[in-house]
$ cat target.cif   # mmCIF, C-alpha atoms
data_input
loop_
_atom_site.label_atom_id
_atom_site.label_comp_id
_atom_site.auth_asym_id
_atom_site.auth_seq_id
_atom_site.Cartn_x
_atom_site.Cartn_y
_atom_site.Cartn_z
CA LEU G 68 156.87 124.88 158.32
CA SER G 69 156.52 127.72 160.82
CA LYS G 70 158.97 129.83 158.75
CA SER G 71 156.43 129.96 155.93
CA PRO G 72 154.02 132.93 156.06
CA LYS G 73 151.17 130.48 155.55
CA TYR G 74 152.06 128.74 158.83
CA SER G 75 153.56 131.68 160.74
CA ASP G 76 151.56 131.05 163.92
CA LEU G 77 152.30 127.29 163.95
CA SER G 78 154.91 127.42 166.76
CA HIS G 79 152.52 129.33 169.01
CA GLU G 80 149.67 126.90 168.32
CA LEU G 81 151.91 123.86 168.91
CA GLU G 82 153.10 125.29 172.24
CA LYS G 83 149.49 125.76 173.26
CA ALA G 84 148.62 122.18 172.22
CA VAL G 85 151.56 120.85 174.29
CA ARG G 86 150.42 122.89 177.33
CA ASP G 87 146.85 121.63 176.90
CA GLY G 88 148.02 117.99 176.74
CA PHE G 89 147.09 117.24 173.14
CA LEU G 90 150.70 116.97 171.96
CA GLU G 91 153.95 115.88 173.57
CA PHE G 92 157.58 116.47 172.67
CA VAL G 93 159.68 113.77 171.06
CA GLY G 94 163.36 114.26 171.83
CA SER G 95 164.15 117.96 172.30
CA ARG G 96 161.95 119.87 174.75
CA SER G 97 161.70 123.21 172.93
CA LEU G 98 159.76 124.28 169.89
CA HIS G 99 162.44 126.85 169.18
CA ASP G 100 164.98 124.18 168.23
CA GLU G 101 165.44 123.62 164.49
CA LEU G 102 163.93 120.12 164.23
CA THR G 103 161.78 119.71 167.32
CA MET G 104 159.30 116.89 166.88
CA THR G 105 155.94 116.56 168.57
CA LYS G 106 153.41 113.77 168.49
CA PHE G 107 149.82 113.45 169.54
CA HIS G 108 149.34 112.27 173.08
CA HIS G 109 146.87 109.61 171.87
CA ASP G 110 145.80 108.16 168.50
CA LYS G 111 142.20 109.26 169.08
CA ILE G 112 143.35 112.87 169.45
CA ARG G 113 145.28 112.57 166.17
CA GLU G 114 142.25 111.06 164.42
CA ALA G 115 139.95 113.80 165.73
CA ALA G 116 142.37 116.56 164.69
CA TYR G 117 142.78 115.02 161.23
CA GLY G 118 139.00 114.82 160.89
CA LEU G 119 138.80 118.59 161.36
CA ILE G 120 140.87 119.19 158.23
CA HIS G 121 138.73 119.49 155.11
CA CYS G 122 139.37 116.60 152.70
CA ASP G 123 140.45 118.99 149.94
CA GLU G 124 143.16 120.49 152.18
CA ARG G 125 144.70 117.25 153.45
CA GLU G 126 146.78 116.59 150.35
CA ARG G 127 148.29 120.10 150.51
CA TYR G 128 149.13 119.74 154.23
CA HIS G 129 150.80 116.37 153.66
CA HIS G 130 152.71 117.83 150.72
CA ASP G 131 153.88 120.83 152.76
CA ILE G 132 155.02 118.66 155.67
CA GLY G 133 156.78 116.25 153.33
CA MET G 134 158.56 119.08 151.54
CA VAL G 135 159.81 120.56 154.81
CA LEU G 136 161.18 117.18 155.89
CA TYR G 137 162.66 116.65 152.42
CA SER G 138 164.22 120.12 152.36
CA TYR G 139 166.29 119.33 155.45
CA ALA G 140 168.04 116.34 153.91
CA GLY G 141 166.87 115.63 150.37
CA VAL G 142 167.55 112.12 149.12
CA GLU G 143 169.98 111.59 152.01
CA VAL G 144 167.20 111.91 154.61
CA GLU G 145 168.10 110.12 157.84
CA GLU G 146 166.76 106.62 158.39
CA GLU G 147 164.46 107.65 161.25
CA LEU G 148 162.72 110.27 159.07
CA LEU G 149 162.72 108.27 155.82
CA PHE G 150 159.30 106.66 156.13
CA SER G 151 157.64 109.77 157.55
CA THR G 152 159.07 111.99 154.80
CA VAL G 153 158.05 109.62 152.01
CA HIS G 154 154.63 109.02 153.55
CA HIS G 155 153.82 112.74 153.59
CA LEU G 156 155.28 113.38 150.13
CA ASN G 157 153.32 110.49 148.65
CA ARG G 158 150.05 111.64 150.20
CA GLY G 159 150.48 114.69 147.97
CA VAL G 160 151.44 112.70 144.87
CA SER G 161 149.25 114.70 142.46
CA LEU G 162 151.26 117.78 143.44
CA LEU G 163 154.55 115.88 142.97
CA LEU G 164 153.62 115.02 139.40
CA LYS G 165 153.73 118.75 138.59
CA PHE G 166 157.34 119.08 139.80
CA PRO G 167 160.30 119.66 137.49
CA SER G 168 161.85 116.44 136.23
CA GLU G 169 164.96 116.50 138.44
CA LYS G 170 162.89 116.82 141.63
CA ARG G 171 160.52 114.04 140.50
CA ILE G 172 163.50 111.76 139.91
CA SER G 173 164.94 112.70 143.29
CA ILE G 174 161.68 111.83 145.05
CA ALA G 175 161.39 108.61 143.00
CA GLN G 176 164.86 107.70 144.35
CA LEU G 177 163.65 108.44 147.86
CA ASN G 178 160.67 106.12 147.28
CA LEU G 179 163.06 103.45 146.02
CA ARG G 180 165.08 103.79 149.22
CA ALA G 181 161.96 103.57 151.40
CA GLY G 182 160.64 100.62 149.37
CA THR G 183 163.96 98.80 149.68
CA ARG G 184 164.02 99.39 153.43
CA ALA G 185 160.40 98.25 153.80
CA ILE G 186 161.16 95.02 151.91
CA GLN G 187 164.13 94.41 154.22
CA GLN G 188 161.69 94.73 157.13
CA SER G 189 159.18 92.40 155.39
CA SER G 190 156.67 95.24 155.23
CA PHE G 191 155.58 94.41 151.71
CA LYS G 192 152.36 96.44 151.67
CA SER G 193 154.27 99.62 152.56
CA ALA G 194 157.03 98.70 150.09
CA TYR G 195 154.46 98.23 147.32
CA SER G 196 152.96 101.64 148.09
CA TYR G 197 156.33 103.44 148.06
CA LEU G 198 157.57 101.71 144.93
CA LYS G 199 154.28 102.27 143.07
CA VAL G 200 154.56 106.02 143.65
CA GLY G 201 158.21 105.84 142.60
CA VAL G 202 157.13 104.30 139.29
CA GLU G 203 154.43 106.97 138.87
CA LEU G 204 157.06 109.68 139.27
CA LEU G 205 159.27 108.29 136.49
CA LEU G 206 159.40 110.38 133.35
CA GLU G 207 158.59 109.16 129.85
CA ASP G 208 162.29 108.93 128.99
CA SER G 209 163.32 107.35 132.29
CA TRP G 210 164.17 104.02 130.70
CA GLU G 211 166.75 105.79 128.54
CA ASN G 212 168.01 108.40 131.02
CA GLN G 213 167.35 106.73 134.38
CA SER G 214 167.52 103.05 133.43
CA LYS G 215 169.03 101.81 136.71
CA LEU G 216 166.38 103.64 138.76
CA SER G 217 163.61 102.36 136.47
CA ILE G 218 164.82 98.76 136.61
CA ASN G 219 165.21 98.85 140.39
CA LEU G 220 161.77 100.39 140.98
CA TYR G 221 160.02 97.92 138.67
CA PHE G 222 161.94 94.91 139.98
CA LEU G 223 161.32 95.67 143.64
CA LEU G 224 157.69 96.54 142.87
CA SER G 225 157.34 93.08 141.30
CA LYS G 226 158.97 91.53 144.38
CA ALA G 227 156.56 93.34 146.72
CA ALA G 228 153.57 92.43 144.53
CA TYR G 229 154.64 88.77 144.52
CA ALA G 230 155.02 88.77 148.33
CA LEU G 231 151.49 90.19 148.61
CA GLY G 232 150.12 87.44 146.37
CA SER G 233 149.62 89.62 143.28
CA ILE G 234 151.39 87.22 140.94
CA ASP G 235 149.90 88.74 137.79
CA ASP G 236 151.08 92.23 138.77
CA ALA G 237 154.55 90.86 139.50
CA LYS G 238 154.66 89.22 136.07
CA ILE G 239 153.59 92.46 134.36
CA MET G 240 156.40 94.39 136.09
CA LEU G 241 159.01 91.81 135.13
CA LYS G 242 157.71 91.68 131.56
CA THR G 243 157.97 95.49 131.38
CA ILE G 244 161.61 95.33 132.51
CA ILE G 245 162.46 92.72 129.87
CA GLU G 246 160.73 94.67 127.08
CA LYS G 247 162.29 98.00 128.01
CA VAL G 248 165.78 96.57 128.42
CA LYS G 249 165.52 94.83 125.03
CA LYS G 250 164.58 98.16 123.44
CA LEU G 251 167.58 99.78 125.08
CA GLU G 252 169.87 97.07 123.71
CA ASP G 253 168.45 97.58 120.21
CA MET G 254 169.22 101.30 120.27
#

$ encode --input "target.cif" --output "structure tokens"
Amino acid sequence: LSKSPKYSDLSHELEKAVRDGFLEFVGSRSLHDELTMTKFHHDKIREAAYGLIHCDERERYHHDIGMVLYSYAGVEVEEELLFSTVHHLNRGVSLLLKFPSEKRISIAQLNLRAGTRAIQQSSFKSAYSYLKVGVELLLEDSWENQSKLSINLYFLLSKAAYALGSIDDAKIMLKTIIEKVKKLEDM
């Protein structure tokens, strides 16, 4: 992020926040390393800092952070950064919907991966959130051109909905799969 002109003074400000005790390093001890991570020293500090950001700007910040994380690894993002990357990207979902089709599909695949991993961890609320955004990112012709991705997103979304007690939503997702697959067979 600090390589962008918009955030050119970010490294300096982060160093100052570390010195002042608001942030702490995670892993590497230098902000000059490529992927140095910091975290807030306390949740209340994070909440206060987030409250200082105007509501209209939050989506853009999340989007920018998500895109930086995504740019380092793309769909093959490492397991430890998967949820963080997807979380930030999804908080800027309205901006993602304006992306070219190949990037939308790529981020839908990333949401599928995060949703699958969340289901494996029995974190069904998170899984539902990831998979729902994945479905939103699908294109109109995704059932024809990305049928495996579409089926997997809808199926796992139905599984997460069922686990959360949203039986009707789960049924709707499964019904959608059956209808779309039948149409594909008829073509």

$ closest_residue --input "target.cif" --among "G:Lys215, G:Lys199, G:Lys170, G:Lys226" --to "Gln187 in chain G" --atoms "only C-alpha atoms"
G:Lys226

$ atom_distance --input "target.cif" --atom1 "CA of Phe191 in chain G" --atom2 "CA of Glu145 in chain G"
21.0 Å

$ residues_around --input "target.cif" --residues "range 238-252 of chain G" --least-positions-apart "3" --cutoff "8 Å" --atoms "only C-alpha atoms" --output "VMD selection string"
chain G and resid 210 to 211 218 221 to 222 224 to 225 234 to 235

$ residues_around --input "target.cif" --residues "Asp131 in chain G" --least-positions-apart "5" --cutoff "9 Å" --atoms "only C-alpha atoms" --output "list of chain:residue names"
G:Leu68, G:Glu126, G:Leu136, G:His155, G:Leu156, G:Gly159

$ resolve_selection --input "target.cif" --expression "the PyMOL selection byres ((chain G and resi 216) around 9)" --output "list in words"
Ile172, Ala175, Gln176, Leu179, Leu205, Ser209, Trp210, Gln213, Ser214, Lys215, Ser217, Ile218, Asn219, Leu220 and Tyr221 of chain G

$ closest_residue --input "target.cif" --among "G:Glu147, G:Ile186, G:His130, G:Val85" --to "Leu163 in chain G" --atoms "only C-alpha atoms"
G:His130

$ closest_residue --input "target.cif" --among "G:Thr105, G:Asn157, G:Ala227, G:Glu169" --to "Gly201 in chain G" --atoms "all atoms listed in the file"
G:Asn157

$ atom_distance --input "target.cif" --atom1 "CA of Phe89 in chain G" --atom2 "CA of Glu114 in chain G"
11.7 Å

$ atom_distance --input "target.cif" --atom1 "CA of Ala181 in chain G" --atom2 "CA of Ala194 in chain G"
7.1 Å
